[in-house]
$ cat work-v8.pdb   # PDB, C-alpha atoms, pLDDT in the B column
ATOM      1  CA  SER H1317      -2.142 -10.364   5.221  1.00 74.00           C
ATOM      2  CA  GLN H1318      -2.919  -9.533   1.624  1.00 75.00           C
ATOM      3  CA  GLU H1319      -1.961  -6.150   0.264  1.00 89.00           C
ATOM      4  CA  LEU H1320      -3.270  -4.490  -2.866  1.00 95.00           C
ATOM      5  CA  GLU H1321      -1.241  -1.824  -4.599  1.00 96.00           C
ATOM      6  CA  GLN H1322      -3.052   0.495  -6.976  1.00 97.00           C
ATOM      7  CA  SER H1323      -1.431   2.704  -9.559  1.00 97.00           C
ATOM      8  CA  PRO H1324      -1.521   5.502 -10.262  1.00 97.00           C
ATOM      9  CA  GLN H1325      -2.662   7.118  -7.006  1.00 97.00           C
ATOM     10  CA  SER H1326      -4.213   9.963  -8.967  1.00 97.00           C
ATOM     11  CA  LEU H1327      -4.902  10.576 -12.599  1.00 97.00           C
ATOM     12  CA  ILE H1328      -5.937  13.683 -14.524  1.00 98.00           C
ATOM     13  CA  VAL H1329      -7.262  12.891 -17.977  1.00 98.00           C
ATOM     14  CA  GLN H1330      -8.715  15.074 -20.680  1.00 98.00           C
ATOM     15  CA  GLU H1331     -12.297  14.251 -21.551  1.00 98.00           C
ATOM     16  CA  GLY H1332     -12.473  11.766 -24.388  1.00 98.00           C
ATOM     17  CA  LYS H1333      -9.114  10.140 -23.652  1.00 98.00           C
ATOM     18  CA  ASN H1334      -8.565   6.543 -22.600  1.00 98.00           C
ATOM     19  CA  LEU H1335      -7.027   5.536 -19.283  1.00 98.00           C
ATOM     20  CA  THR H1336      -5.924   2.465 -17.337  1.00 98.00           C
ATOM     21  CA  ILE H1337      -5.770   1.788 -13.596  1.00 98.00           C
ATOM     22  CA  ASN H1338      -3.799  -1.153 -12.237  1.00 97.00           C
ATOM     23  CA  CYS H1339      -4.192  -3.251  -9.107  1.00 97.00           C
ATOM     24  CA  THR H1340      -1.464  -5.690  -8.002  1.00 95.00           C
ATOM     25  CA  SER H1341      -1.855  -8.173  -5.186  1.00 92.00           C
ATOM     26  CA  SER H1342       0.839  -9.493  -2.834  1.00 90.00           C
ATOM     27  CA  LYS H1343      -0.922 -12.878  -2.729  1.00 86.00           C
ATOM     28  CA  THR H1344      -3.032 -15.120  -4.931  1.00 82.00           C
ATOM     29  CA  LEU H1345      -6.252 -13.495  -6.014  1.00 79.00           C
ATOM     30  CA  TYR H1346      -9.402 -15.512  -5.335  1.00 76.00           C
ATOM     31  CA  GLY H1347     -11.800 -12.815  -6.398  1.00 84.00           C
ATOM     32  CA  LEU H1348     -11.122  -9.252  -7.489  1.00 91.00           C
ATOM     33  CA  TYR H1349     -13.702  -6.484  -7.309  1.00 95.00           C
ATOM     34  CA  TRP H1350     -13.735  -2.993  -8.742  1.00 97.00           C
ATOM     35  CA  TYR H1351     -15.770  -0.246  -7.091  1.00 97.00           C
ATOM     36  CA  LYS H1352     -16.237   3.451  -7.726  1.00 97.00           C
ATOM     37  CA  GLN H1353     -16.757   5.958  -4.929  1.00 97.00           C
ATOM     38  CA  LYS H1354     -17.693   9.593  -4.918  1.00 93.00           C
ATOM     39  CA  TYR H1355     -16.194  11.458  -1.973  1.00 86.00           C
ATOM     40  CA  GLY H1356     -18.064  10.721   1.252  1.00 85.00           C
ATOM     41  CA  GLU H1357     -20.500   8.344  -0.412  1.00 91.00           C
ATOM     42  CA  GLY H1358     -20.959   4.607  -0.642  1.00 92.00           C
ATOM     43  CA  LEU H1359     -19.224   2.190  -2.984  1.00 95.00           C
ATOM     44  CA  ILE H1360     -20.761   1.525  -6.382  1.00 94.00           C
ATOM     45  CA  PHE H1361     -20.064  -1.955  -7.718  1.00 94.00           C
ATOM     46  CA  LEU H1362     -18.469  -2.027 -11.164  1.00 95.00           C
ATOM     47  CA  MET H1363     -17.210  -5.537 -11.845  1.00 93.00           C
ATOM     48  CA  MET H1364     -16.096  -8.782 -10.278  1.00 93.00           C
ATOM     49  CA  LEU H1365     -13.426 -11.062 -11.763  1.00 92.00           C
ATOM     50  CA  GLN H1366     -12.671 -14.571 -10.591  1.00 86.00           C
ATOM     51  CA  LYS H1367     -10.791 -16.517 -13.208  1.00 82.00           C
ATOM     52  CA  GLY H1368      -7.395 -15.895 -14.700  1.00 82.00           C
ATOM     53  CA  GLY H1369      -7.704 -14.292 -18.101  1.00 87.00           C
ATOM     54  CA  GLU H1370     -11.257 -13.182 -17.377  1.00 91.00           C
ATOM     55  CA  GLU H1371     -12.342  -9.950 -18.989  1.00 94.00           C
ATOM     56  CA  LYS H1372     -15.594  -8.092 -18.400  1.00 95.00           C
ATOM     57  CA  SER H1373     -17.007  -4.943 -19.911  1.00 95.00           C
ATOM     58  CA  HIS H1374     -19.808  -2.604 -18.987  1.00 90.00           C
ATOM     59  CA  GLU H1375     -20.496   0.423 -21.136  1.00 91.00           C
ATOM     60  CA  LYS H1376     -17.049   2.039 -21.575  1.00 95.00           C
ATOM     61  CA  ILE H1377     -15.300   0.239 -18.724  1.00 97.00           C
ATOM     62  CA  THR H1378     -13.343  -3.002 -19.182  1.00 97.00           C
ATOM     63  CA  ALA H1379     -11.644  -4.980 -16.430  1.00 97.00           C
ATOM     64  CA  LYS H1380      -9.180  -7.842 -16.826  1.00 95.00           C
ATOM     65  CA  LEU H1381      -7.651 -10.321 -14.408  1.00 93.00           C
ATOM     66  CA  ASP H1382      -4.185 -11.768 -14.871  1.00 90.00           C
ATOM     67  CA  GLU H1383      -4.117 -14.448 -12.197  1.00 79.00           C
ATOM     68  CA  LYS H1384      -0.492 -15.463 -12.798  1.00 83.00           C
ATOM     69  CA  LYS H1385       0.665 -11.912 -12.336  1.00 80.00           C
ATOM     70  CA  GLN H1386      -1.775 -11.422  -9.461  1.00 90.00           C
ATOM     71  CA  GLN H1387      -2.870  -8.274 -11.222  1.00 93.00           C
ATOM     72  CA  SER H1388      -6.004  -6.642 -12.523  1.00 95.00           C
ATOM     73  CA  SER H1389      -6.501  -3.635 -14.756  1.00 96.00           C
ATOM     74  CA  LEU H1390      -9.432  -1.305 -15.301  1.00 98.00           C
ATOM     75  CA  HIS H1391      -9.612   0.466 -18.643  1.00 98.00           C
ATOM     76  CA  ILE H1392     -11.931   3.348 -19.467  1.00 98.00           C
ATOM     77  CA  THR H1393     -12.457   4.255 -23.100  1.00 98.00           C
ATOM     78  CA  ALA H1394     -13.399   7.772 -24.214  1.00 97.00           C
ATOM     79  CA  SER H1395     -13.617   9.135 -20.676  1.00 97.00           C
ATOM     80  CA  GLN H1396     -16.516  11.359 -19.642  1.00 97.00           C
ATOM     81  CA  PRO H1397     -17.051  13.697 -16.659  1.00 96.00           C
ATOM     82  CA  SER H1398     -19.310  11.038 -15.121  1.00 96.00           C
ATOM     83  CA  HIS H1399     -16.272   8.754 -14.794  1.00 97.00           C
ATOM     84  CA  ALA H1400     -14.645  11.061 -12.262  1.00 97.00           C
ATOM     85  CA  GLY H1401     -14.281   9.645  -8.759  1.00 97.00           C
ATOM     86  CA  ILE H1402     -12.207   7.255  -6.698  1.00 97.00           C
ATOM     87  CA  TYR H1403     -11.697   3.758  -8.056  1.00 98.00           C
ATOM     88  CA  LEU H1404     -11.024   1.010  -5.547  1.00 98.00           C
ATOM     89  CA  CYS H1405      -9.965  -2.549  -6.157  1.00 97.00           C
ATOM     90  CA  GLY H1406     -10.875  -5.102  -3.509  1.00 95.00           C
ATOM     91  CA  ALA H1407      -9.840  -8.714  -3.022  1.00 92.00           C
ATOM     92  CA  GLU H1408     -11.547 -11.525  -1.150  1.00 86.00           C
ATOM     93  CA  ARG H1409      -9.696 -11.765   2.150  1.00 79.00           C
ATOM     94  CA  LYS H1410      -9.632 -15.532   2.281  1.00 71.00           C
ATOM     95  CA  GLY H1411     -10.693 -18.379   0.083  1.00 58.00           C
ATOM     96  CA  GLY H1412     -13.841 -19.460   1.854  1.00 60.00           C
ATOM     97  CA  GLY H1413     -16.008 -16.447   1.291  1.00 62.00           C
ATOM     98  CA  ALA H1414     -17.996 -14.228   3.668  1.00 73.00           C
ATOM     99  CA  ASP H1415     -14.753 -12.820   5.030  1.00 84.00           C
ATOM    100  CA  GLY H1416     -15.006  -9.389   3.494  1.00 90.00           C
ATOM    101  CA  LEU H1417     -12.716  -7.483   1.169  1.00 92.00           C
ATOM    102  CA  THR H1418      -9.282  -5.936   1.488  1.00 93.00           C
ATOM    103  CA  PHE H1419      -9.009  -2.741  -0.550  1.00 96.00           C
ATOM    104  CA  GLY H1420      -6.244  -0.955  -2.356  1.00 97.00           C
ATOM    105  CA  LYS H1421      -5.628   2.684  -1.511  1.00 97.00           C
ATOM    106  CA  GLY H1422      -7.640   3.863  -4.483  1.00 97.00           C
ATOM    107  CA  THR H1423      -7.054   5.877  -7.637  1.00 98.00           C
ATOM    108  CA  HIS H1424      -8.463   9.399  -7.737  1.00 97.00           C
ATOM    109  CA  LEU H1425      -9.610  10.122 -11.289  1.00 98.00           C
ATOM    110  CA  ILE H1426     -10.205  13.677 -12.473  1.00 97.00           C
ATOM    111  CA  ILE H1427     -11.640  14.338 -15.937  1.00 97.00           C
ATOM    112  CA  GLN H1428     -10.752  17.680 -17.444  1.00 96.00           C
ATOM    113  CA  PRO H1429     -13.143  19.196 -20.018  1.00 92.00           C
TER     114      PRO H1429
ATOM    115  CA  ASP L1238     -34.893  -4.785  -3.413  1.00 72.00           C
ATOM    116  CA  THR L1239     -31.174  -4.694  -4.241  1.00 74.00           C
ATOM    117  CA  GLU L1240     -30.045  -2.090  -1.756  1.00 93.00           C
ATOM    118  CA  VAL L1241     -28.334  -1.820   1.589  1.00 97.00           C
ATOM    119  CA  THR L1242     -29.914   0.999   3.580  1.00 97.00           C
ATOM    120  CA  GLN L1243     -27.984   2.815   6.278  1.00 98.00           C
ATOM    121  CA  THR L1244     -29.365   5.291   8.800  1.00 98.00           C
ATOM    122  CA  PRO L1245     -28.697   7.952   9.778  1.00 98.00           C
ATOM    123  CA  LYS L1246     -26.722   9.481   6.902  1.00 97.00           C
ATOM    124  CA  HIS L1247     -25.020  11.939   9.229  1.00 97.00           C
ATOM    125  CA  LEU L1248     -24.437  11.791  12.980  1.00 97.00           C
ATOM    126  CA  VAL L1249     -22.724  14.196  15.358  1.00 97.00           C
ATOM    127  CA  MET L1250     -22.162  12.905  18.871  1.00 96.00           C
ATOM    128  CA  GLY L1251     -20.320  13.921  21.981  1.00 94.00           C
ATOM    129  CA  MET L1252     -17.698  11.732  23.595  1.00 94.00           C
ATOM    130  CA  THR L1253     -20.059  10.773  26.427  1.00 92.00           C
ATOM    131  CA  ASN L1254     -23.037   9.957  24.218  1.00 93.00           C
ATOM    132  CA  LYS L1255     -24.446   6.587  23.243  1.00 96.00           C
ATOM    133  CA  LYS L1256     -25.721   6.221  19.705  1.00 97.00           C
ATOM    134  CA  SER L1257     -26.415   3.477  17.191  1.00 98.00           C
ATOM    135  CA  LEU L1258     -25.951   3.047  13.472  1.00 98.00           C
ATOM    136  CA  LYS L1259     -28.422   0.916  11.575  1.00 98.00           C
ATOM    137  CA  CYS L1260     -28.060  -1.159   8.417  1.00 98.00           C
ATOM    138  CA  GLU L1261     -30.808  -3.075   6.645  1.00 98.00           C
ATOM    139  CA  GLN L1262     -30.992  -5.322   3.583  1.00 97.00           C
ATOM    140  CA  HIS L1263     -33.727  -7.464   2.081  1.00 95.00           C
ATOM    141  CA  MET L1264     -31.735  -9.407  -0.491  1.00 94.00           C
ATOM    142  CA  GLY L1265     -31.587 -12.568   1.600  1.00 94.00           C
ATOM    143  CA  HIS L1266     -27.864 -12.147   2.186  1.00 94.00           C
ATOM    144  CA  ARG L1267     -26.630 -14.083   5.219  1.00 94.00           C
ATOM    145  CA  ALA L1268     -23.330 -12.230   5.657  1.00 94.00           C
ATOM    146  CA  MET L1269     -23.132  -8.596   6.776  1.00 96.00           C
ATOM    147  CA  TYR L1270     -20.160  -6.327   7.376  1.00 97.00           C
ATOM    148  CA  TRP L1271     -19.119  -3.087   9.024  1.00 98.00           C
ATOM    149  CA  TYR L1272     -16.289  -1.054   7.520  1.00 98.00           C
ATOM    150  CA  LYS L1273     -14.671   2.156   8.704  1.00 98.00           C
ATOM    151  CA  GLN L1274     -13.297   4.655   6.191  1.00 97.00           C
ATOM    152  CA  LYS L1275     -11.181   7.623   7.194  1.00 97.00           C
ATOM    153  CA  ALA L1276     -10.739  10.527   4.798  1.00 94.00           C
ATOM    154  CA  LYS L1277      -8.595   9.703   1.762  1.00 92.00           C
ATOM    155  CA  LYS L1278      -8.138   6.119   2.955  1.00 95.00           C
ATOM    156  CA  PRO L1279      -9.697   2.859   1.760  1.00 96.00           C
ATOM    157  CA  PRO L1280     -12.436   1.132   3.768  1.00 97.00           C
ATOM    158  CA  GLU L1281     -11.130  -1.090   6.569  1.00 97.00           C
ATOM    159  CA  LEU L1282     -13.046  -4.111   7.788  1.00 96.00           C
ATOM    160  CA  MET L1283     -14.304  -3.963  11.378  1.00 97.00           C
ATOM    161  CA  PHE L1284     -16.777  -6.817  11.868  1.00 97.00           C
ATOM    162  CA  VAL L1285     -18.293  -9.711   9.922  1.00 95.00           C
ATOM    163  CA  TYR L1286     -21.534 -11.478  10.765  1.00 96.00           C
ATOM    164  CA  SER L1287     -22.360 -14.784   9.140  1.00 93.00           C
ATOM    165  CA  TYR L1288     -25.779 -16.320   9.766  1.00 94.00           C
ATOM    166  CA  GLU L1289     -26.371 -13.726  12.496  1.00 96.00           C
ATOM    167  CA  LYS L1290     -23.246 -14.750  14.394  1.00 95.00           C
ATOM    168  CA  LEU L1291     -20.131 -12.677  14.801  1.00 96.00           C
ATOM    169  CA  SER L1292     -17.413 -14.435  12.804  1.00 93.00           C
ATOM    170  CA  ILE L1293     -14.720 -11.761  12.515  1.00 93.00           C
ATOM    171  CA  ASN L1294     -13.736  -8.917  14.836  1.00 95.00           C
ATOM    172  CA  GLU L1295     -10.703  -7.086  13.519  1.00 94.00           C
ATOM    173  CA  SER L1296      -9.475  -6.111  16.999  1.00 93.00           C
ATOM    174  CA  VAL L1297     -11.943  -3.250  17.171  1.00 97.00           C
ATOM    175  CA  PRO L1298     -12.074  -1.302  20.483  1.00 97.00           C
ATOM    176  CA  SER L1299     -14.952  -2.267  22.762  1.00 96.00           C
ATOM    177  CA  ARG L1300     -16.495   1.192  22.443  1.00 97.00           C
ATOM    178  CA  PHE L1301     -17.849  -0.203  19.162  1.00 98.00           C
ATOM    179  CA  SER L1302     -20.403  -2.953  19.781  1.00 98.00           C
ATOM    180  CA  PRO L1303     -22.020  -4.731  16.831  1.00 98.00           C
ATOM    181  CA  GLU L1304     -25.346  -6.514  16.921  1.00 98.00           C
ATOM    182  CA  CYS L1305     -27.214  -8.626  14.378  1.00 97.00           C
ATOM    183  CA  PRO L1306     -30.785  -9.082  15.657  1.00 96.00           C
ATOM    184  CA  ASN L1307     -31.956 -10.915  12.527  1.00 95.00           C
ATOM    185  CA  SER L1308     -30.803 -11.799   9.030  1.00 92.00           C
ATOM    186  CA  SER L1309     -31.857  -8.428   7.593  1.00 96.00           C
ATOM    187  CA  LEU L1310     -30.599  -6.035  10.230  1.00 98.00           C
ATOM    188  CA  LEU L1311     -27.172  -5.018  11.493  1.00 98.00           C
ATOM    189  CA  ASN L1312     -26.515  -2.431  14.178  1.00 98.00           C
ATOM    190  CA  LEU L1313     -23.373  -0.752  15.436  1.00 98.00           C
ATOM    191  CA  HIS L1314     -23.670   0.616  18.972  1.00 98.00           C
ATOM    192  CA  LEU L1315     -21.357   3.463  19.843  1.00 97.00           C
ATOM    193  CA  HIS L1316     -20.326   4.542  23.332  1.00 96.00           C
ATOM    194  CA  ALA L1317     -17.610   6.825  24.673  1.00 95.00           C
ATOM    195  CA  LEU L1318     -16.091   7.459  21.265  1.00 96.00           C
ATOM    196  CA  GLN L1319     -13.036   9.571  20.621  1.00 96.00           C
ATOM    197  CA  PRO L1320     -12.642  12.352  18.023  1.00 96.00           C
ATOM    198  CA  GLU L1321     -10.351  10.045  16.012  1.00 97.00           C
ATOM    199  CA  ASP L1322     -13.322   7.720  15.527  1.00 97.00           C
ATOM    200  CA  SER L1323     -14.863  10.301  13.213  1.00 98.00           C
ATOM    201  CA  ALA L1324     -15.180   8.598   9.843  1.00 97.00           C
ATOM    202  CA  LEU L1325     -17.554   7.224   7.228  1.00 98.00           C
ATOM    203  CA  TYR L1326     -19.018   3.930   8.441  1.00 98.00           C
ATOM    204  CA  LEU L1327     -20.038   1.607   5.659  1.00 98.00           C
ATOM    205  CA  CYS L1328     -22.249  -1.440   5.893  1.00 98.00           C
ATOM    206  CA  ALA L1329     -22.173  -4.221   3.295  1.00 97.00           C
ATOM    207  CA  SER L1330     -23.883  -7.529   2.726  1.00 96.00           C
ATOM    208  CA  SER L1331     -23.233 -10.592   0.611  1.00 93.00           C
ATOM    209  CA  PRO L1332     -24.342 -14.146   0.104  1.00 90.00           C
ATOM    210  CA  THR L1333     -22.051 -16.550   1.912  1.00 86.00           C
ATOM    211  CA  GLY L1334     -19.404 -18.234  -0.203  1.00 75.00           C
ATOM    212  CA  ARG L1335     -16.642 -16.893  -2.361  1.00 71.00           C
ATOM    213  CA  GLY L1336     -17.204 -14.633  -5.321  1.00 72.00           C
ATOM    214  CA  ARG L1337     -20.884 -13.983  -4.681  1.00 76.00           C
ATOM    215  CA  GLY L1338     -20.661 -10.173  -4.683  1.00 87.00           C
ATOM    216  CA  TYR L1339     -20.743  -7.501  -2.005  1.00 93.00           C
ATOM    217  CA  THR L1340     -23.330  -4.727  -1.889  1.00 94.00           C
ATOM    218  CA  PHE L1341     -22.441  -1.580   0.033  1.00 96.00           C
ATOM    219  CA  GLY L1342     -24.673   1.010   1.641  1.00 96.00           C
ATOM    220  CA  SER L1343     -24.177   4.740   1.214  1.00 96.00           C
ATOM    221  CA  GLY L1344     -22.638   5.058   4.674  1.00 97.00           C
ATOM    222  CA  THR L1345     -23.079   7.074   7.846  1.00 97.00           C
ATOM    223  CA  ARG L1346     -20.829  10.113   8.236  1.00 97.00           C
ATOM    224  CA  LEU L1347     -19.945  10.192  11.953  1.00 98.00           C
ATOM    225  CA  THR L1348     -18.413  13.192  13.674  1.00 97.00           C
ATOM    226  CA  VAL L1349     -17.334  12.893  17.312  1.00 97.00           C
ATOM    227  CA  VAL L1350     -16.998  16.222  19.125  1.00 96.00           C
TER     228      VAL L1350
END
$ encode --input "work-v8.pdb" --output "structure tokens"
Amino acid sequence: SQELEQSPQSLIVQEGKNLTINCTSSKTLYGLYWYKQKYGEGLIFLMMLQKGGEEKSHEKITAKLDEKKQQSSLHITASQPSHAGIYLCGAERKGGGADGLTFGKGTHLIIQP
Amino acid sequence: DTEVTQTPKHLVMGMTNKKSLKCEQHMGHRAMYWYKQKAKKPPELMFVYSYEKLSINESVPSRFSPECPNSSLLNLHLHALQPEDSALYLCASSPTGRGRGYTFGSGTRLTVV
């Protein structure tokens, strides 16, 4: 089965600083998703990456997919308190679709004022 | 409508009770999912329905019984649960096919006493 390793497990960043979260897969990535979750709440979709070298940005968040390295990174620029939460990467479980996602263990992000 | 709606938001039940969780979406998605998330852990896939038919059961105990009455509705029937089944239960939906995006509900917080 596919495993996703996220690093770091937790991150404390001063407001205004940049940060990067990594997600490495044990198998080929067919589709990589990034979600944000507040404790006890649902998952908020951030971005989906499918092709090697693909890079997407939304507001101050940029995600990249390195298919050869089976790795994705999530970069936040000029962090704000609203960025605090748990960031989860998820990979398509199989190639055919409609099989659900396998998630990494998450990165807990704390923004210090 | 771009949401997945889950009810109830919170549920407390005894070990001898029977209860149901409900999930609804009106995005025309033909795949629906149940996930279980324990505290400080990532979501874990339980069941997948594709075109209203159960396609994946991740060896879930029979005290959890899923049902998909139509393409918009997904239920999870609960009976004789154990305290260790206390968790956040998340529903998701997606179009069928790879890389089409998964939309998650806000979850039902279940406590078994």
$ residues_around --input "work-v8.pdb" --residues "region 1296-1311 of chain L" --least-positions-apart "2" --cutoff "7 Å" --atoms "only C-alpha atoms" --output "MDAnalysis selection string"
chainID L and resid 1259:1263 1267 1283 1288:1289 1294 1313:1318
$ residues_around --input "work-v8.pdb" --residues "region 1386-1391 of chain H" --least-positions-apart "3" --cutoff "10 Å" --atoms "all atoms listed in the file" --output "ChimeraX atom specification"
/H:1320-1323,1334-1346,1348-1350,1362-1363,1365,1368-1373,1376-1383,1394-1395,1403,1405
$ write_last_selection --input "work-v8.pdb" --atoms "C-alpha atoms" --output "mmCIF file, in the coordinates of the input"
data_model
loop_
_atom_site.group_PDB
_atom_site.id
_atom_site.type_symbol
_atom_site.label_atom_id
_atom_site.label_comp_id
_atom_site.auth_asym_id
_atom_site.auth_seq_id
_atom_site.Cartn_x
_atom_site.Cartn_y
_atom_site.Cartn_z
ATOM 1 C CA LEU H 1320 -3.270 -4.490 -2.866
ATOM 2 C CA GLU H 1321 -1.241 -1.824 -4.599
ATOM 3 C CA GLN H 1322 -3.052 0.495 -6.976
ATOM 4 C CA SER H 1323 -1.431 2.704 -9.559
ATOM 5 C CA ASN H 1334 -8.565 6.543 -22.600
ATOM 6 C CA LEU H 1335 -7.027 5.536 -19.283
ATOM 7 C CA THR H 1336 -5.924 2.465 -17.337
ATOM 8 C CA ILE H 1337 -5.770 1.788 -13.596
ATOM 9 C CA ASN H 1338 -3.799 -1.153 -12.237
ATOM 10 C CA CYS H 1339 -4.192 -3.251 -9.107
ATOM 11 C CA THR H 1340 -1.464 -5.690 -8.002
ATOM 12 C CA SER H 1341 -1.855 -8.173 -5.186
ATOM 13 C CA SER H 1342 0.839 -9.493 -2.834
ATOM 14 C CA LYS H 1343 -0.922 -12.878 -2.729
ATOM 15 C CA THR H 1344 -3.032 -15.120 -4.931
ATOM 16 C CA LEU H 1345 -6.252 -13.495 -6.014
ATOM 17 C CA TYR H 1346 -9.402 -15.512 -5.335
ATOM 18 C CA LEU H 1348 -11.122 -9.252 -7.489
ATOM 19 C CA TYR H 1349 -13.702 -6.484 -7.309
ATOM 20 C CA TRP H 1350 -13.735 -2.993 -8.742
ATOM 21 C CA LEU H 1362 -18.469 -2.027 -11.164
ATOM 22 C CA MET H 1363 -17.210 -5.537 -11.845
ATOM 23 C CA LEU H 1365 -13.426 -11.062 -11.763
ATOM 24 C CA GLY H 1368 -7.395 -15.895 -14.700
ATOM 25 C CA GLY H 1369 -7.704 -14.292 -18.101
ATOM 26 C CA GLU H 1370 -11.257 -13.182 -17.377
ATOM 27 C CA GLU H 1371 -12.342 -9.950 -18.989
ATOM 28 C CA LYS H 1372 -15.594 -8.092 -18.400
ATOM 29 C CA SER H 1373 -17.007 -4.943 -19.911
ATOM 30 C CA LYS H 1376 -17.049 2.039 -21.575
ATOM 31 C CA ILE H 1377 -15.300 0.239 -18.724
ATOM 32 C CA THR H 1378 -13.343 -3.002 -19.182
ATOM 33 C CA ALA H 1379 -11.644 -4.980 -16.430
ATOM 34 C CA LYS H 1380 -9.180 -7.842 -16.826
ATOM 35 C CA LEU H 1381 -7.651 -10.321 -14.408
ATOM 36 C CA ASP H 1382 -4.185 -11.768 -14.871
ATOM 37 C CA GLU H 1383 -4.117 -14.448 -12.197
ATOM 38 C CA ALA H 1394 -13.399 7.772 -24.214
ATOM 39 C CA SER H 1395 -13.617 9.135 -20.676
ATOM 40 C CA TYR H 1403 -11.697 3.758 -8.056
ATOM 41 C CA CYS H 1405 -9.965 -2.549 -6.157
#
$ resolve_selection --input "work-v8.pdb" --expression "the ChimeraX specification (/H :<12) & /L" --output "PyMOL selection string"
chain L and resi 1239-1243+1246-1247+1266-1288+1290-1295+1324-1347
$ closest_residue --input "work-v8.pdb" --among "H:Glu1331, H:Glu1319, H:Gln1325, H:Lys1384" --to "Ile1427 (chain H)" --atoms "all atoms listed in the file"
H:Glu1331
$ atom_distance --input "work-v8.pdb" --atom1 "CA of Gly1265 (chain L)" --atom2 "CA of Asn1312 (chain L)"
16.9 Å
$ closest_residue --input "work-v8.pdb" --among "H:Lys1352, H:Glu1375, H:Thr1423, H:Pro1397" --to "Gln1330 (chain H)" --atoms "all atoms listed in the file"
H:Pro1397
$ residues_around --input "work-v8.pdb" --residues "Thr1348 (chain L)" --least-positions-apart "4" --cutoff "8 Å" --atoms "only C-alpha atoms" --output "list in words"
Leu1248, Val1249, Met1250, Pro1320, Asp1322, Ser1323 and Ala1324 of chain L
$ atom_distance --input "work-v8.pdb" --atom1 "CA of Ile1328 (chain H)" --atom2 "CA of Lys1354 (chain H)"
15.7 Å
$ atom_distance --input "work-v8.pdb" --atom1 "CA of Gln1319 (chain L)" --atom2 "CA of Pro1245 (chain L)"
19.1 Å
$ axis_aligned_box --input "work-v8.pdb" --around "region 1252-1260 of chain L" --padding-each-side "8 Å" --output "AutoDock Vina command-line options"
--center_x -23.1 --center_y 5.3 --center_z 17.4 --size_x 26.7 --size_y 28.9 --size_z 34.0
$ decode --input "work-v8.pdb" --residues "region 1244-1277 of chain L" --atoms "C-alpha atoms" --output "tab-separated table (two decimals), in the first residue's frame"
chain	number	residue	atom	x	y	z
L	1244	THR	CA	-25.71	15.48	9.91
L	1245	PRO	CA	-25.66	15.44	12.83
L	1246	LYS	CA	-22.55	17.47	13.68
L	1247	HIS	CA	-22.26	15.81	17.07
L	1248	LEU	CA	-23.60	12.48	18.31
L	1249	VAL	CA	-23.33	10.75	21.68
L	1250	MET	CA	-24.55	7.17	21.78
L	1251	GLY	CA	-24.50	4.24	24.14
L	1252	MET	CA	-22.98	0.91	23.21
L	1253	THR	CA	-26.42	-0.68	22.79
L	1254	ASN	CA	-27.90	2.11	20.68
L	1255	LYS	CA	-28.59	2.19	16.96
L	1256	LYS	CA	-27.94	5.46	15.17
L	1257	SER	CA	-27.26	6.71	11.67
L	1258	LEU	CA	-25.01	9.32	10.13
L	1259	LYS	CA	-26.18	11.11	7.02
L	1260	CYS	CA	-24.27	12.67	4.13
L	1261	GLU	CA	-25.75	14.57	1.20
L	1262	GLN	CA	-24.36	16.22	-1.92
L	1263	HIS	CA	-25.96	17.81	-4.96
L	1264	MET	CA	-22.93	18.22	-7.19
L	1265	GLY	CA	-23.78	15.23	-9.37
L	1266	HIS	CA	-20.84	13.26	-8.01
L	1267	ARG	CA	-21.23	9.51	-8.52
L	1268	ALA	CA	-18.60	8.41	-5.98
L	1269	MET	CA	-19.05	8.85	-2.23
L	1270	TYR	CA	-16.80	7.93	0.68
L	1271	TRP	CA	-16.77	7.41	4.42
L	1272	TYR	CA	-13.60	8.16	6.38
L	1273	LYS	CA	-12.83	7.74	10.06
L	1274	GLN	CA	-10.44	10.13	11.81
L	1275	LYS	CA	-9.15	9.54	15.31
L	1276	ALA	CA	-7.63	12.41	17.27
L	1277	LYS	CA	-4.25	13.56	15.94
